[in-house]
Amino acid sequence: TMREPAVEGEFKFIHQSGFYLKTWASNVDGTGNFLSNTSLEWDFYIGLQQKIANTPFSYDIGFQYYWYPGGESHDPH
């Protein structure tokens, strides 16, 4: 939001198996040099996170998608 306050929200579903779905959204300044014609960033996540046996380690395999509804990206150079 070009150093201005933002409103953000998140919803998350995590199953005991480690499968998860998450969505996150925030207002953005869609008048900048890299993105125009939008005021929203909406992110989507899906994945699987599990602990590795009896170790302190875990893994997370997932997919993320960032969406700017109506947004047009461009390179200012």
# chains A, B, ... in the order shown; residues from 1 in each chain; ligands from 1
call {"tool": "residues_around", "arguments": {"residues": "A:Gly47", "least_positions_apart": "2", "cutoff": "6 Å", "atoms": "only C-alpha atoms", "output": "mmCIF file with N, CA, C and O atoms, in the first residue's frame"}}
result
data_model
loop_
_atom_site.group_PDB
_atom_site.id
_atom_site.type_symbol
_atom_site.label_atom_id
_atom_site.label_comp_id
_atom_site.auth_asym_id
_atom_site.auth_seq_id
_atom_site.Cartn_x
_atom_site.Cartn_y
_atom_site.Cartn_z
ATOM 1 N N PHE A 19 -2.819 -32.023 5.999
ATOM 2 C CA PHE A 19 -3.321 -31.329 4.824
ATOM 3 C C PHE A 19 -3.857 -29.961 5.246
ATOM 4 O O PHE A 19 -4.511 -29.831 6.270
ATOM 5 N N TYR A 20 -3.572 -28.925 4.452
ATOM 6 C CA TYR A 20 -4.079 -27.601 4.801
ATOM 7 C C TYR A 20 -4.538 -26.826 3.574
ATOM 8 O O TYR A 20 -4.068 -27.033 2.456
ATOM 9 N N ILE A 61 5.063 -29.436 1.775
ATOM 10 C CA ILE A 61 4.981 -29.430 0.316
ATOM 11 C C ILE A 61 3.662 -28.760 -0.035
ATOM 12 O O ILE A 61 2.605 -29.165 0.442
ATOM 13 N N GLY A 62 3.736 -27.728 -0.860
ATOM 14 C CA GLY A 62 2.505 -27.032 -1.161
ATOM 15 C C GLY A 62 2.558 -26.217 -2.430
ATOM 16 O O GLY A 62 3.578 -26.162 -3.125
#
call {"tool": "closest_atom_pairs", "arguments": {"of": "stretch 4-45 of chain A", "to": "stretch 51-57 of chain A", "cutoff": "12 Å", "atoms": "only C-alpha atoms", "output": "tab-separated table"}}
result
residue	atom	partner	partner_atom	distance
A:Gln16	CA	A:Lys51	CA	11.7
A:Ser17	CA	A:Lys51	CA	10.4
A:Gly18	CA	A:Lys51	CA	8.8
call {"tool": "closest_residue", "arguments": {"among": "A:Trp67, A:Thr1, A:Ser73, A:Tyr59", "to": "A:Trp42", "atoms": "only C-alpha atoms"}}
result
A:Trp67
call {"tool": "atom_distance", "arguments": {"atom1": "atom CA of A:Phe63", "atom2": "atom CA of A:Gln50"}}
result
15.3 Å
call {"tool": "select_by_dssp", "arguments": {"residues": "chain A", "states": "strand (DSSP E or B)", "output": "CSV table (one decimal) with N, CA and C atoms, in the first residue's frame"}}
result
chain,number,residue,atom,x,y,z
A,8,GLU,N,-5.8,-6.6,6.4
A,8,GLU,CA,-5.5,-8.0,5.9
A,8,GLU,C,-6.4,-9.0,6.7
A,9,GLY,N,-6.6,-10.1,6.1
A,9,GLY,CA,-7.3,-11.2,6.7
A,9,GLY,C,-6.9,-12.5,6.2
A,10,GLU,N,-7.1,-13.5,7.1
A,10,GLU,CA,-6.6,-14.9,6.7
A,10,GLU,C,-7.6,-15.9,7.3
A,11,PHE,N,-7.9,-16.9,6.5
A,11,PHE,CA,-8.6,-18.1,6.9
A,11,PHE,C,-7.8,-19.3,6.7
A,12,LYS,N,-7.8,-20.3,7.6
A,12,LYS,CA,-6.9,-21.4,7.5
A,12,LYS,C,-7.7,-22.7,8.0
A,13,PHE,N,-7.6,-23.8,7.2
A,13,PHE,CA,-8.1,-25.1,7.6
A,13,PHE,C,-6.9,-26.0,7.6
A,14,ILE,N,-6.7,-26.7,8.8
A,14,ILE,CA,-5.6,-27.7,8.9
A,14,ILE,C,-6.2,-29.0,9.4
A,19,PHE,N,-2.8,-32.0,6.0
A,19,PHE,CA,-3.3,-31.3,4.8
A,19,PHE,C,-3.9,-30.0,5.2
A,20,TYR,N,-3.6,-28.9,4.5
A,20,TYR,CA,-4.1,-27.6,4.8
A,20,TYR,C,-4.5,-26.8,3.6
A,21,LEU,N,-5.5,-25.9,3.8
A,21,LEU,CA,-6.0,-24.9,2.9
A,21,LEU,C,-5.9,-23.6,3.6
A,22,LYS,N,-5.5,-22.6,2.9
A,22,LYS,CA,-5.4,-21.3,3.5
A,22,LYS,C,-5.7,-20.2,2.4
A,23,THR,N,-6.3,-19.1,2.8
A,23,THR,CA,-6.5,-18.0,1.9
A,23,THR,C,-6.1,-16.7,2.8
A,24,TRP,N,-5.5,-15.8,2.1
A,24,TRP,CA,-5.1,-14.6,2.7
A,24,TRP,C,-5.4,-13.4,1.8
A,25,ALA,N,-5.8,-12.3,2.3
A,25,ALA,CA,-6.1,-11.1,1.4
A,25,ALA,C,-5.7,-9.8,2.0
A,26,SER,N,-5.3,-8.9,1.2
A,26,SER,CA,-4.9,-7.5,1.7
A,26,SER,C,-5.2,-6.5,0.6
A,27,ASN,N,-5.6,-5.3,1.1
A,27,ASN,CA,-5.7,-4.2,0.1
A,27,ASN,C,-4.3,-3.8,-0.3
A,31,THR,N,-1.7,1.5,-8.0
A,31,THR,CA,-1.3,2.6,-8.9
A,31,THR,C,0.2,2.7,-9.1
A,35,LEU,N,2.3,-2.7,-10.7
A,35,LEU,CA,0.9,-3.2,-10.8
A,35,LEU,C,-0.1,-2.1,-10.8
A,36,SER,N,-1.1,-2.2,-11.8
A,36,SER,CA,-2.1,-1.2,-11.9
A,36,SER,C,-3.5,-1.8,-12.0
A,40,LEU,N,-6.6,-5.1,-4.6
A,40,LEU,CA,-6.6,-6.3,-3.8
A,40,LEU,C,-5.6,-7.3,-4.2
A,41,GLU,N,-4.9,-7.9,-3.2
A,41,GLU,CA,-4.1,-9.1,-3.4
A,41,GLU,C,-4.8,-10.2,-2.7
A,42,TRP,N,-5.0,-11.3,-3.3
A,42,TRP,CA,-5.7,-12.5,-2.7
A,42,TRP,C,-4.8,-13.7,-3.0
A,43,ASP,N,-4.4,-14.3,-1.9
A,43,ASP,CA,-3.4,-15.5,-2.0
A,43,ASP,C,-4.2,-16.8,-1.6
A,44,PHE,N,-3.8,-17.9,-2.3
A,44,PHE,CA,-4.3,-19.2,-2.0
A,44,PHE,C,-3.2,-20.2,-1.8
A,45,TYR,N,-3.4,-21.0,-0.8
A,45,TYR,CA,-2.4,-22.0,-0.4
A,45,TYR,C,-3.0,-23.4,-0.2
A,46,ILE,N,-2.4,-24.4,-0.7
A,46,ILE,CA,-2.8,-25.8,-0.5
A,46,ILE,C,-1.6,-26.6,-0.3
A,47,GLY,N,-1.6,-27.5,0.7
A,47,GLY,CA,-0.4,-28.3,0.9
A,47,GLY,C,-0.5,-29.4,2.0
A,48,LEU,N,0.6,-30.0,2.3
A,48,LEU,CA,0.7,-31.0,3.3
A,48,LEU,C,2.0,-30.8,4.1
A,49,GLN,N,1.8,-30.7,5.4
A,49,GLN,CA,2.9,-30.5,6.3
A,49,GLN,C,2.9,-31.7,7.3
A,50,GLN,N,4.0,-32.3,7.5
A,50,GLN,CA,4.1,-33.5,8.4
A,50,GLN,C,5.5,-33.5,9.1
A,51,LYS,N,5.5,-34.0,10.3
A,51,LYS,CA,6.7,-34.3,11.0
A,51,LYS,C,7.4,-35.5,10.5
A,58,SER,N,10.4,-31.4,10.1
A,58,SER,CA,9.2,-31.6,9.4
A,58,SER,C,9.4,-31.1,7.9
A,59,TYR,N,8.4,-31.5,7.1
A,59,TYR,CA,8.4,-31.0,5.7
A,59,TYR,C,7.1,-30.3,5.4
A,60,ASP,N,7.1,-29.5,4.4
A,60,ASP,CA,5.9,-28.8,3.9
A,60,ASP,C,6.0,-28.7,2.4
A,61,ILE,N,5.1,-29.4,1.8
A,61,ILE,CA,5.0,-29.4,0.3
A,61,ILE,C,3.7,-28.8,0.0
A,62,GLY,N,3.7,-27.7,-0.9
A,62,GLY,CA,2.5,-27.0,-1.2
A,62,GLY,C,2.6,-26.2,-2.4
A,63,PHE,N,1.4,-25.6,-2.7
A,63,PHE,CA,1.3,-24.7,-3.9
A,63,PHE,C,0.7,-23.4,-3.4
A,64,GLN,N,1.3,-22.3,-3.9
A,64,GLN,CA,0.8,-21.0,-3.6
A,64,GLN,C,0.4,-20.3,-4.9
A,65,TYR,N,-0.7,-19.5,-4.8
A,65,TYR,CA,-1.1,-18.7,-6.0
A,65,TYR,C,-1.4,-17.3,-5.5
A,66,TYR,N,-0.8,-16.3,-6.1
A,66,TYR,CA,-1.1,-14.9,-5.8
A,66,TYR,C,-1.9,-14.3,-6.9
A,67,TRP,N,-3.1,-13.7,-6.5
A,67,TRP,CA,-4.0,-13.2,-7.5
A,67,TRP,C,-4.3,-11.7,-7.2
A,72,GLU,N,-3.1,-5.4,-13.7
A,72,GLU,CA,-2.2,-5.5,-14.9
A,72,GLU,C,-0.8,-5.2,-14.5
A,73,SER,N,0.1,-6.2,-14.6
A,73,SER,CA,1.4,-6.0,-14.3
A,73,SER,C,2.2,-5.5,-15.4
call {"tool": "residues_around", "arguments": {"residues": "A:Met2", "least_positions_apart": "5", "cutoff": "10 Å", "atoms": "only C-alpha atoms", "output": "list in words"}}
result
Val28, Asp29, Gly30, Thr31 and Gly32 of chain A
call {"tool": "write_last_selection", "arguments": {"atoms": "N, CA, C and O atoms", "output": "PDB file, in the first residue's frame"}}
result
ATOM      1  N   VAL A  28      -4.182  -3.373  -1.580  1.00  0.00           N
ATOM      2  CA  VAL A  28      -2.898  -2.935  -2.141  1.00  0.00           C
ATOM      3  C   VAL A  28      -3.105  -1.625  -2.884  1.00  0.00           C
ATOM      4  O   VAL A  28      -4.221  -1.261  -3.248  1.00  0.00           O
ATOM      5  N   ASP A  29      -2.007  -0.927  -3.108  1.00  0.00           N
ATOM      6  CA  ASP A  29      -2.042   0.282  -3.912  1.00  0.00           C
ATOM      7  C   ASP A  29      -1.805  -0.133  -5.362  1.00  0.00           C
ATOM      8  O   ASP A  29      -0.677  -0.407  -5.750  1.00  0.00           O
ATOM      9  N   GLY A  30      -2.849  -0.203  -6.136  1.00  0.00           N
ATOM     10  CA  GLY A  30      -2.747  -0.651  -7.512  1.00  0.00           C
ATOM     11  C   GLY A  30      -2.410   0.444  -8.496  1.00  0.00           C
ATOM     12  O   GLY A  30      -2.774   0.371  -9.664  1.00  0.00           O
ATOM     13  N   THR A  31      -1.720   1.463  -8.030  1.00  0.00           N
ATOM     14  CA  THR A  31      -1.339   2.558  -8.930  1.00  0.00           C
ATOM     15  C   THR A  31       0.166   2.651  -9.072  1.00  0.00           C
ATOM     16  O   THR A  31       0.674   3.616  -9.616  1.00  0.00           O
ATOM     17  N   GLY A  32       0.892   1.646  -8.577  1.00  0.00           N
ATOM     18  CA  GLY A  32       2.353   1.705  -8.570  1.00  0.00           C
ATOM     19  C   GLY A  32       2.990   1.391  -9.908  1.00  0.00           C
ATOM     20  O   GLY A  32       2.331   1.216 -10.927  1.00  0.00           O
TER      21      GLY A  32
END
